[in-house]
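Okay, data-v1.json is below, JSON, C-alpha atoms:
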```json
[["chain", "number", "residue", "atom", "x", "y", "z"],
["A", 324, "VAL", "CA", -13.65, -75.20, -4.61],
["A", 325, "ALA", "CA", -13.51, -72.62, -7.38],
["A", 326, "GLY", "CA", -10.25, -72.06, -9.22],
["A", 327, "GLU", "CA", -8.80, -71.00, -12.54],
["A", 328, "LEU", "CA", -9.11, -73.64, -15.25],
["A", 329, "CYS", "CA", -5.78, -74.60, -16.82],
["A", 330, "VAL", "CA", -5.25, -76.93, -19.79],
["A", 331, "SER", "CA", -2.22, -78.83, -21.00],
["A", 332, "GLY", "CA", -1.25, -81.49, -23.50],
["A", 333, "ILE", "CA", 0.11, -81.77, -27.00],
["A", 334, "GLN", "CA", -2.93, -79.94, -28.43],
["A", 335, "VAL", "CA", -2.05, -76.73, -26.55],
["A", 336, "ALA", "CA", 0.25, -74.18, -28.18],
["A", 337, "MET", "CA", 3.67, -73.47, -26.71],
["A", 338, "GLY", "CA", 3.04, -69.72, -26.39],
["A", 339, "TYR", "CA", 2.05, -66.54, -28.19],
["A", 340, "LEU", "CA", 4.01, -65.68, -31.34],
["A", 341, "ASN", "CA", 6.44, -62.80, -30.72],
["A", 342, "GLN", "CA", 4.82, -61.96, -27.35],
["A", 343, "PRO", "CA", 7.15, -63.29, -24.64],
["A", 344, "ALA", "CA", 5.55, -61.26, -21.81],
["A", 345, "LEU", "CA", 2.07, -62.58, -22.58],
["A", 346, "THR", "CA", 3.46, -66.10, -22.97],
["A", 347, "ALA", "CA", 5.13, -65.89, -19.56],
["A", 348, "GLU", "CA", 1.86, -64.69, -18.01],
["A", 349, "LYS", "CA", -0.48, -67.26, -19.58],
["A", 350, "PHE", "CA", 1.75, -70.33, -19.94],
["A", 351, "ILE", "CA", 2.92, -71.55, -16.53],
["A", 352, "PRO", "CA", 5.17, -74.51, -15.62],
["A", 353, "HIS", "CA", 3.30, -77.80, -15.36],
["A", 354, "PRO", "CA", 3.47, -79.06, -11.77],
["A", 355, "PHE", "CA", 3.45, -82.75, -12.77],
["A", 356, "GLU", "CA", 5.60, -82.81, -15.93],
["A", 357, "THR", "CA", 9.19, -81.79, -16.37],
["A", 358, "ASN", "CA", 9.57, -79.17, -19.12],
["A", 359, "GLY", "CA", 5.77, -79.14, -19.59],
["A", 360, "SER", "CA", 3.52, -76.11, -19.43],
["A", 361, "MET", "CA", -0.13, -75.34, -18.78],
["A", 362, "TYR", "CA", -2.26, -72.61, -20.34],
["A", 363, "ARG", "CA", -4.17, -70.37, -17.92],
["A", 364, "THR", "CA", -7.58, -69.94, -19.60],
["A", 365, "GLY", "CA", -8.88, -67.16, -17.38],
["A", 366, "ASP", "CA", -12.03, -69.22, -16.79],
["A", 367, "LEU", "CA", -13.25, -69.82, -13.26],
["A", 368, "ALA", "CA", -14.48, -73.38, -12.68],
["A", 369, "ARG", "CA", -14.92, -76.10, -10.09],
["A", 370, "TRP", "CA", -14.81, -79.86, -10.20],
["A", 371, "LEU", "CA", -18.13, -81.44, -9.18],
["A", 372, "PRO", "CA", -18.37, -84.73, -7.25],
["A", 373, "ASP", "CA", -19.72, -86.52, -10.36],
["A", 374, "GLY", "CA", -16.54, -85.61, -12.31],
["A", 375, "ASN", "CA", -18.05, -82.78, -14.38],
["A", 376, "ILE", "CA", -16.49, -79.34, -14.47],
["A", 377, "GLU", "CA", -18.85, -76.45, -13.76],
["A", 378, "TYR", "CA", -18.04, -73.13, -15.45],
["A", 379, "LEU", "CA", -18.47, -70.22, -13.01],
["A", 380, "GLY", "CA", -17.42, -67.22, -15.10],
["A", 381, "ARG", "CA", -14.22, -65.33, -15.81],
["A", 382, "VAL", "CA", -11.34, -64.37, -13.57],
["A", 383, "ASP", "CA", -10.96, -61.11, -15.50],
["A", 384, "ASP", "CA", -13.42, -58.83, -17.32],
["A", 385, "GLN", "CA", -13.34, -60.90, -20.52],
["A", 386, "VAL", "CA", -16.69, -62.15, -21.84],
["A", 387, "LYS", "CA", -17.69, -64.23, -24.82],
["A", 388, "ILE", "CA", -20.59, -63.03, -26.96],
["A", 389, "ARG", "CA", -21.60, -64.70, -30.24],
["A", 390, "GLY", "CA", -18.23, -66.45, -30.39],
["A", 391, "TYR", "CA", -16.13, -63.31, -29.84],
["A", 392, "ARG", "CA", -13.92, -62.90, -26.76],
["A", 393, "ILE", "CA", -14.30, -59.33, -25.59],
["A", 394, "GLU", "CA", -12.33, -57.39, -22.97],
["A", 395, "LEU", "CA", -14.85, -55.04, -21.37],
["A", 396, "GLY", "CA", -12.07, -52.81, -20.05],
["A", 397, "GLU", "CA", -10.88, -52.15, -23.61],
["A", 398, "ILE", "CA", -14.33, -50.85, -24.60],
["A", 399, "GLU", "CA", -14.55, -48.74, -21.44],
["A", 400, "SER", "CA", -11.13, -47.22, -22.14],
["A", 401, "VAL", "CA", -12.09, -46.17, -25.68],
["A", 402, "LEU", "CA", -15.43, -44.85, -24.39],
["A", 403, "GLN", "CA", -13.66, -42.66, -21.80],
["A", 404, "GLN", "CA", -11.29, -41.29, -24.48],
["A", 405, "SER", "CA", -14.25, -40.00, -26.50],
["A", 406, "GLY", "CA", -14.92, -37.04, -24.22],
["A", 407, "LEU", "CA", -18.63, -37.63, -24.86],
["A", 408, "VAL", "CA", -19.30, -39.17, -21.44],
["A", 409, "LYS", "CA", -18.29, -38.29, -17.91],
["A", 410, "GLN", "CA", -18.17, -41.95, -16.85],
["A", 411, "GLY", "CA", -18.76, -45.19, -18.72],
["A", 412, "VAL", "CA", -19.05, -48.86, -17.82],
["A", 413, "VAL", "CA", -19.75, -51.78, -20.14],
["A", 414, "MET", "CA", -21.27, -55.08, -19.06],
["A", 415, "ALA", "CA", -22.54, -58.21, -20.75],
["A", 416, "ARG", "CA", -26.19, -58.84, -19.87],
["A", 417, "ALA", "CA", -28.52, -61.62, -20.98],
["A", 418, "ASP", "CA", -31.81, -60.63, -22.59],
["A", 419, "ALA", "CA", -35.15, -62.39, -22.00],
["A", 420, "ASN", "CA", -34.09, -65.23, -24.34],
["A", 421, "GLY", "CA", -30.75, -65.73, -22.59],
["A", 422, "HIS", "CA", -28.67, -64.17, -25.39],
["A", 423, "LYS", "CA", -25.82, -62.00, -24.14],
["A", 424, "ARG", "CA", -25.48, -58.45, -25.37],
["A", 425, "LEU", "CA", -23.24, -55.55, -24.46],
["A", 426, "VAL", "CA", -24.82, -52.82, -22.36],
["A", 427, "GLY", "CA", -23.16, -49.44, -21.94],
["A", 428, "TYR", "CA", -23.87, -47.53, -18.73],
["A", 429, "VAL", "CA", -22.96, -43.87, -19.01],
["A", 430, "SER", "CA", -23.26, -40.62, -17.16],
["A", 431, "ALA", "CA", -22.80, -37.50, -19.22],
["A", 432, "SER", "CA", -22.81, -33.86, -18.27],
["A", 433, "GLY", "CA", -25.02, -31.93, -20.65],
["A", 434, "GLY", "CA", -26.92, -34.93, -22.06],
["A", 435, "PHE", "CA", -25.93, -38.13, -23.78],
["A", 436, "ASP", "CA", -25.54, -38.18, -27.57],
["A", 437, "ARG", "CA", -26.06, -41.86, -28.43],
["A", 438, "GLU", "CA", -25.36, -41.50, -32.16],
["A", 439, "ALA", "CA", -22.10, -39.60, -31.65],
["A", 440, "THR", "CA", -20.92, -42.11, -29.03],
["A", 441, "VAL", "CA", -21.75, -45.13, -31.19],
["A", 442, "SER", "CA", -20.06, -43.49, -34.19],
["A", 443, "TRP", "CA", -16.93, -42.78, -32.09],
["A", 444, "LEU", "CA", -16.75, -46.41, -30.96],
["A", 445, "GLN", "CA", -17.43, -47.81, -34.45],
["A", 446, "ASP", "CA", -14.47, -45.82, -35.82],
["A", 447, "ARG", "CA", -12.14, -47.39, -33.23],
["A", 448, "LEU", "CA", -13.54, -50.83, -32.39],
["A", 449, "PRO", "CA", -14.94, -53.81, -34.29],
["A", 450, "GLU", "CA", -18.74, -53.83, -34.60],
["A", 451, "TYR", "CA", -19.14, -56.70, -32.11],
["A", 452, "MET", "CA", -17.50, -54.56, -29.40],
["A", 453, "VAL", "CA", -19.95, -51.65, -29.67],
["A", 454, "PRO", "CA", -22.72, -51.86, -27.04],
["A", 455, "ALA", "CA", -26.17, -52.47, -28.50],
["A", 456, "VAL", "CA", -27.98, -51.03, -25.50],
["A", 457, "TRP", "CA", -27.29, -47.83, -23.56],
["A", 458, "VAL", "CA", -28.47, -46.87, -20.08],
["A", 459, "VAL", "CA", -28.02, -43.25, -19.01],
["A", 460, "LEU", "CA", -27.47, -42.69, -15.28],
["A", 461, "ASP", "CA", -26.95, -39.54, -13.21],
["A", 462, "SER", "CA", -23.75, -41.13, -11.89],
["A", 463, "ILE", "CA", -22.12, -44.55, -11.96],
["A", 464, "PRO", "CA", -22.63, -46.25, -8.56],
["A", 465, "LEU", "CA", -19.44, -46.90, -6.60],
["A", 466, "THR", "CA", -18.54, -49.22, -3.74],
["A", 467, "ALA", "CA", -17.14, -47.93, -0.44],
["A", 468, "ASN", "CA", -13.59, -48.28, -1.80],
["A", 469, "GLY", "CA", -14.33, -46.28, -4.97],
["A", 470, "LYS", "CA", -14.71, -49.12, -7.49],
["A", 471, "VAL", "CA", -17.69, -49.44, -9.84],
["A", 472, "ASN", "CA", -20.50, -51.30, -8.09],
["A", 473, "ARG", "CA", -21.58, -53.49, -11.02],
["A", 474, "ALA", "CA", -24.03, -55.43, -8.85],
["A", 475, "VAL", "CA", -26.38, -52.45, -8.52],
["A", 476, "LEU", "CA", -26.35, -51.32, -12.15],
["A", 477, "PRO", "CA", -29.96, -51.55, -13.38],
["A", 478, "GLU", "CA", -31.16, -54.02, -15.99],
["A", 479, "PRO", "CA", -31.86, -52.24, -19.29],
["A", 480, "ALA", "CA", -35.47, -51.78, -20.33],
["A", 481, "ASP", "CA", -36.85, -54.48, -22.64],
["A", 482, "ASP", "CA", -37.48, -51.94, -25.39],
["A", 483, "SER", "CA", -33.94, -50.54, -25.27],
["A", 484, "LEU", "CA", -32.84, -52.54, -28.30],
["A", 485, "SER", "CA", -35.16, -50.67, -30.60],
["A", 486, "ASP", "CA", -33.71, -47.29, -31.38],
["A", 487, "THR", "CA", -36.16, -46.44, -34.16],
["A", 488, "GLY", "CA", -39.92, -46.08, -34.30],
["A", 489, "TYR", "CA", -42.14, -49.03, -35.08],
["A", 490, "THR", "CA", -43.20, -49.61, -38.69],
["A", 491, "ALA", "CA", -46.03, -52.10, -39.15],
["A", 492, "PRO", "CA", -45.83, -54.80, -41.84],
["A", 493, "ARG", "CA", -47.00, -53.37, -45.17],
["A", 494, "ASN", "CA", -48.00, -56.56, -46.98],
["A", 495, "ALA", "CA", -48.66, -60.29, -46.47],
["A", 496, "GLU", "CA", -44.99, -61.28, -46.84],
["A", 497, "GLU", "CA", -43.84, -58.76, -44.23],
["A", 498, "SER", "CA", -46.63, -59.89, -41.89],
["A", 499, "LEU", "CA", -45.50, -63.51, -42.21],
["A", 500, "LEU", "CA", -41.86, -62.55, -41.63],
["A", 501, "ALA", "CA", -42.84, -60.43, -38.62],
["A", 502, "GLU", "CA", -44.74, -63.38, -37.11],
["A", 503, "ILE", "CA", -41.74, -65.69, -37.63],
["A", 504, "TRP", "CA", -39.29, -63.22, -36.05],
["A", 505, "GLN", "CA", -41.70, -62.48, -33.22],
["A", 506, "GLU", "CA", -41.91, -66.19, -32.43],
["A", 507, "LEU", "CA", -38.13, -66.69, -32.69],
["A", 508, "LEU", "CA", -37.15, -63.62, -30.70],
["A", 509, "GLY", "CA", -39.93, -63.70, -28.16]]
```
What is this file in structure tokens?
Amino acid sequence: VAGELCVSGIQVAMGYLNQPALTAEKFIPHPFETNGSMYRTGDLARWLPDGNIEYLGRVDDQVKIRGYRIELGEIESVLQQSGLVKQGVVMARADANGHKRLVGYVSASGGFDREATVSWLQDRLPEYMVPAVWVVLDSIPLTANGKVNRAVLPEPADDSLSDTGYTAPRNAEESLLAEIWQELLG
């Protein structure tokens, strides 16, 4: 059965510094200890018959990419404030090598200005929260109840990471480096 993973013990903090509302939300009373508390991680997991815990994803829209915990809704909110897009959705997608990256799905009336949008986000968010890949759609698909239908958003094209033209290696050292990176990155 899937459920939210909670942790407790002396290694867990007692709450968030100067944030009583967040502490009350994330630190709940321990059901088996008097005066104890458990931390709600926001991770969805299940206990397997062999005793292992299987990670199933997040309860919320938080993702972890390259060690950074990222709230996708925060990026989407800043994107909407830009006025450069009509609608915007951000998702974490794995590339061919299994590495997660942020993908921005946008619909824009009058064309999408990638450089202006990236610049807007870079001025307001840390670099790791700016989508590396952008997919332009006529409209963001919605479910019957009006929510974003993330399941039908298309996978980005494999070449969508390269935003500049190709420049061939100019000497033996660059050729060797290109071969190494090609092998590492697939």
query: Using only C-alpha atoms, which residues sit within 12 Å of Pro464 of chain A once same-chain residues fewer than 4 positions away are excluded, as a PyMOL selection string?
result: chain A and resi 410-412+428-430+460+468-477
- request: For segment 423-427 of chain A, please output as a ChimeraX atom specification all residues within 9 Å (counting all atoms listed in the file; exclusion window: fewer than 3 positions along the same chain).
  value: /A:387-389,395,399,411-418,420,451-459,479
- prompt: Quick one: distance from atom CA of Thr364 of chain A to atom CA of Val401 of chain A in Å, one decimal?
  reply: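 Computed distance, atom CA of Thr364 of chain A to atom CA of Val401 of chain A, equals 24.9 Å.
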task: Have a look at atom CA of Lys349 of chain A and atom CA of Ile393 of chain A and let me know their distance in Å, one decimal.
output: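 Taking atom CA of Lys349 of chain A and atom CA of Ile393 of chain A, their separation equals 17.0 Å.
Straight-line separation from atom CA of Ser400 of chain A to atom CA of Trp443 of chain A: 12.3 Å.
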